[in-house]
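One file, final16.cif, is given below (mmCIF, C-alpha atoms).
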```cif
data_input
#
loop_
_atom_site.group_PDB
_atom_site.id
_atom_site.type_symbol
_atom_site.label_atom_id
_atom_site.label_comp_id
_atom_site.auth_asym_id
_atom_site.auth_seq_id
_atom_site.Cartn_x
_atom_site.Cartn_y
_atom_site.Cartn_z
ATOM 1 C CA MET A 1 -51.916 -91.131 -16.801
ATOM 2 C CA PHE A 2 -51.667 -92.518 -13.290
ATOM 3 C CA LEU A 3 -48.248 -90.934 -12.822
ATOM 4 C CA ALA A 4 -49.718 -87.544 -13.780
ATOM 5 C CA ILE A 5 -52.671 -88.032 -11.419
ATOM 6 C CA ALA A 6 -50.284 -88.906 -8.596
ATOM 7 C CA ARG A 7 -48.556 -85.533 -8.986
ATOM 8 C CA LEU A 8 -51.339 -83.206 -10.181
ATOM 9 C CA PRO A 9 -54.967 -82.559 -9.395
ATOM 10 C CA VAL A 10 -57.046 -85.134 -11.300
ATOM 11 C CA ALA A 11 -58.834 -82.386 -13.229
ATOM 12 C CA MET A 12 -55.583 -80.997 -14.570
ATOM 13 C CA ALA A 13 -54.322 -84.447 -15.594
ATOM 14 C CA ILE A 14 -57.562 -85.121 -17.494
ATOM 15 C CA VAL A 15 -57.363 -81.807 -19.332
ATOM 16 C CA LEU A 16 -53.756 -82.541 -20.317
ATOM 17 C CA GLN A 17 -54.710 -85.984 -21.624
ATOM 18 C CA ASN A 18 -57.499 -84.468 -23.688
ATOM 19 C CA MET A 19 -54.990 -82.303 -25.548
ATOM 20 C CA ALA A 20 -54.396 -85.338 -27.804
ATOM 21 C CA PRO A 21 -56.785 -84.207 -30.597
ATOM 22 C CA ALA A 22 -54.926 -80.906 -30.819
ATOM 23 C CA LEU A 23 -51.669 -82.824 -31.183
ATOM 24 C CA VAL A 24 -53.171 -84.911 -33.996
ATOM 25 C CA VAL A 25 -54.187 -81.729 -35.839
ATOM 26 C CA LEU A 26 -50.720 -80.270 -35.250
ATOM 27 C CA TRP A 27 -49.120 -83.481 -36.573
ATOM 28 C CA SER A 28 -51.277 -83.296 -39.690
ATOM 29 C CA LEU A 29 -50.333 -79.669 -40.205
ATOM 30 C CA LEU A 30 -46.606 -80.305 -39.832
ATOM 31 C CA THR A 31 -46.285 -83.558 -41.770
ATOM 32 C CA HIS A 32 -48.836 -83.172 -44.546
ATOM 33 C CA ARG A 33 -48.742 -79.380 -44.844
ATOM 34 C CA ARG A 34 -52.521 -79.548 -44.762
ATOM 35 C CA ARG A 35 -54.207 -76.706 -42.949
ATOM 36 C CA PRO A 36 -57.264 -77.704 -40.942
ATOM 37 C CA ALA A 37 -60.641 -76.268 -41.798
ATOM 38 C CA ALA A 38 -61.439 -72.982 -40.078
ATOM 39 C CA THR A 39 -63.856 -74.733 -37.749
ATOM 40 C CA VAL A 40 -61.268 -77.208 -36.405
ATOM 41 C CA PRO A 41 -59.355 -74.759 -34.142
ATOM 42 C CA ILE A 42 -62.683 -73.448 -32.854
ATOM 43 C CA ALA A 43 -63.858 -76.985 -32.130
ATOM 44 C CA LEU A 44 -60.570 -77.846 -30.381
ATOM 45 C CA ALA A 45 -60.793 -74.764 -28.190
ATOM 46 C CA ALA A 46 -64.421 -75.538 -27.345
ATOM 47 C CA MET A 47 -63.473 -79.128 -26.520
ATOM 48 C CA ILE A 48 -60.649 -78.135 -24.163
ATOM 49 C CA ILE A 49 -62.791 -75.496 -22.458
ATOM 50 C CA GLY A 50 -65.655 -77.984 -22.183
ATOM 51 C CA VAL A 51 -63.432 -80.658 -20.639
ATOM 52 C CA ALA A 52 -62.013 -78.090 -18.207
ATOM 53 C CA PHE A 53 -65.506 -77.183 -17.028
ATOM 54 C CA VAL A 54 -66.756 -80.776 -16.908
ATOM 55 C CA VAL A 55 -63.895 -81.806 -14.616
ATOM 56 C CA ASP A 56 -64.329 -78.541 -12.670
ATOM 57 C CA LEU A 57 -60.773 -77.380 -13.347
ATOM 58 C CA PRO A 58 -61.383 -73.799 -12.178
ATOM 59 C CA ALA A 59 -62.342 -75.088 -8.706
ATOM 60 C CA ALA A 60 -59.413 -77.532 -8.590
ATOM 61 C CA GLY A 61 -56.956 -74.690 -8.191
ATOM 62 C CA THR A 62 -53.372 -74.815 -9.270
ATOM 63 C CA GLY A 63 -51.638 -74.907 -5.891
ATOM 64 C CA GLN A 64 -48.280 -76.591 -6.204
ATOM 65 C CA ILE A 65 -48.017 -77.660 -9.837
ATOM 66 C CA SER A 66 -45.476 -80.407 -10.329
ATOM 67 C CA LEU A 67 -43.400 -80.042 -13.476
ATOM 68 C CA THR A 68 -42.965 -83.806 -13.441
ATOM 69 C CA GLY A 69 -46.747 -84.206 -13.312
ATOM 70 C CA LEU A 70 -47.147 -81.798 -16.242
ATOM 71 C CA ALA A 71 -44.567 -83.768 -18.204
ATOM 72 C CA TYR A 72 -46.379 -87.047 -17.475
ATOM 73 C CA GLY A 73 -49.712 -85.481 -18.469
ATOM 74 C CA LEU A 74 -48.322 -84.198 -21.751
ATOM 75 C CA LEU A 75 -46.610 -87.536 -22.369
ATOM 76 C CA THR A 76 -49.997 -89.190 -21.951
ATOM 77 C CA ALA A 77 -51.456 -86.811 -24.541
ATOM 78 C CA VAL A 78 -48.599 -87.635 -26.928
ATOM 79 C CA ALA A 79 -49.183 -91.368 -26.390
ATOM 80 C CA VAL A 80 -52.929 -91.081 -27.084
ATOM 81 C CA ALA A 81 -52.270 -88.924 -30.156
ATOM 82 C CA SER A 82 -49.636 -91.379 -31.388
ATOM 83 C CA PHE A 83 -52.074 -94.255 -31.055
ATOM 84 C CA SER A 84 -54.654 -92.241 -32.984
ATOM 85 C CA ILE A 85 -52.180 -91.565 -35.781
ATOM 86 C CA LEU A 86 -50.300 -94.869 -35.933
ATOM 87 C CA GLY A 87 -52.767 -97.317 -34.405
ATOM 88 C CA PRO A 88 -54.844 -99.898 -36.197
#
```

As structure tokens, the full file:
Amino acid sequence: MFLAIARLPVAMAIVLQNMAPALVVLWSLLTHRRRPAATVPIALAAMIIGVAFVVDLPAAGTGQISLTGLAYGLLTAVAVASFSILGP
């Protein structure tokens, strides 16, 4: 997470980290062939939009977006999702 924050606006790094629940749903869909309830995609979209507004992402601007920072942010999301799936 800190590597993403060092290269991106903090708001963008936080939004990327909070993509983890969507990755868990995607993992469930791909591995168990179990489609989520109709409300799950709506809830995920509302969650991401809510996080974006809470961290004031629209005001953060995009400016110079570092591809390395995006990769670190997405890697953080994958790590959090992996812990959710495989953790204790």

Might you spell out which residues the PyMOL selection byres ((chain A and resi 26) around 12) would select in the displayed file, as a PDB file with C-alpha atoms, in the coordinates of the input?
```
ATOM      1  CA  MET A  19     -54.990 -82.303 -25.548  1.00  0.00           C
ATOM      2  CA  ALA A  20     -54.396 -85.338 -27.804  1.00  0.00           C
ATOM      3  CA  PRO A  21     -56.785 -84.207 -30.597  1.00  0.00           C
ATOM      4  CA  ALA A  22     -54.926 -80.906 -30.819  1.00  0.00           C
ATOM      5  CA  LEU A  23     -51.669 -82.824 -31.183  1.00  0.00           C
ATOM      6  CA  VAL A  24     -53.171 -84.911 -33.996  1.00  0.00           C
ATOM      7  CA  VAL A  25     -54.187 -81.729 -35.839  1.00  0.00           C
ATOM      8  CA  TRP A  27     -49.120 -83.481 -36.573  1.00  0.00           C
ATOM      9  CA  SER A  28     -51.277 -83.296 -39.690  1.00  0.00           C
ATOM     10  CA  LEU A  29     -50.333 -79.669 -40.205  1.00  0.00           C
ATOM     11  CA  LEU A  30     -46.606 -80.305 -39.832  1.00  0.00           C
ATOM     12  CA  THR A  31     -46.285 -83.558 -41.770  1.00  0.00           C
ATOM     13  CA  HIS A  32     -48.836 -83.172 -44.546  1.00  0.00           C
ATOM     14  CA  ARG A  33     -48.742 -79.380 -44.844  1.00  0.00           C
ATOM     15  CA  ARG A  34     -52.521 -79.548 -44.762  1.00  0.00           C
ATOM     16  CA  ARG A  35     -54.207 -76.706 -42.949  1.00  0.00           C
ATOM     17  CA  PRO A  36     -57.264 -77.704 -40.942  1.00  0.00           C
ATOM     18  CA  VAL A  40     -61.268 -77.208 -36.405  1.00  0.00           C
ATOM     19  CA  PRO A  41     -59.355 -74.759 -34.142  1.00  0.00           C
ATOM     20  CA  LEU A  44     -60.570 -77.846 -30.381  1.00  0.00           C
ATOM     21  CA  VAL A  78     -48.599 -87.635 -26.928  1.00  0.00           C
ATOM     22  CA  ALA A  81     -52.270 -88.924 -30.156  1.00  0.00           C
ATOM     23  CA  SER A  82     -49.636 -91.379 -31.388  1.00  0.00           C
ATOM     24  CA  ILE A  85     -52.180 -91.565 -35.781  1.00  0.00           C
TER      25      ILE A  85
END
```

_Using all atoms listed in the file for the distances, tell me which of A:Ala52, A:Ala38, A:Ala46, A:Ile5 is nearest to Gly73 of chain A._
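Of all the options, A:Ile5 lies closest to Gly73 of chain A.
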
_Between A:Asp56, A:Ile49, A:Pro9, A:Gln17, which residue has the minimum interatomic distance to Leu74 of chain A, considering all atoms listed in the file?_
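The answer is A:Gln17, which sits nearest to Leu74 of chain A.
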
_What would the selection look like, as a list in words, if the PyMOL selection byres ((chain A and resi 65) around 12) were run on the coordinates I just shared?_
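Selection result, ordered by chain and number: Ala4, Ile5, Ala6, Arg7, Leu8, Pro9, Val10, Met12, Ala13, Ala60, Gly61, Thr62, Gly63, Gln64, Ser66, Leu67, Thr68, Gly69, Leu70, Ala71 and Gly73 of chain A.
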
*Within 8 Å of Asn18 of chain A, counting only C-alpha atoms, which residues qualify if same-chain residues fewer than 5 places away don't, as a VMD selection string?*
chain A and resid 48 51 77

*State, in Å with one decimal place, the distance from atom CA of Gly50 of chain A to atom CA of Ser84 of chain A.*
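Taking atom CA of Gly50 of chain A as the start and atom CA of Ser84 of chain A as the end point, the length is 21.0 Å.
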
*Rounded to one decimal in Å, what is the spacing between atom CA of Gly87 of chain A and atom CA of Val55 of chain A?*
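Between atom CA of Gly87 of chain A and atom CA of Val55 of chain A the gap works out to 27.5 Å.
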
*Rank A:Ala11, A:Leu16, A:Ile42, A:Val54 by their smallest atom-to-atom distance to Thr76 of chain A, using all atoms listed in the file, and report the top residue only.*
A:Leu16
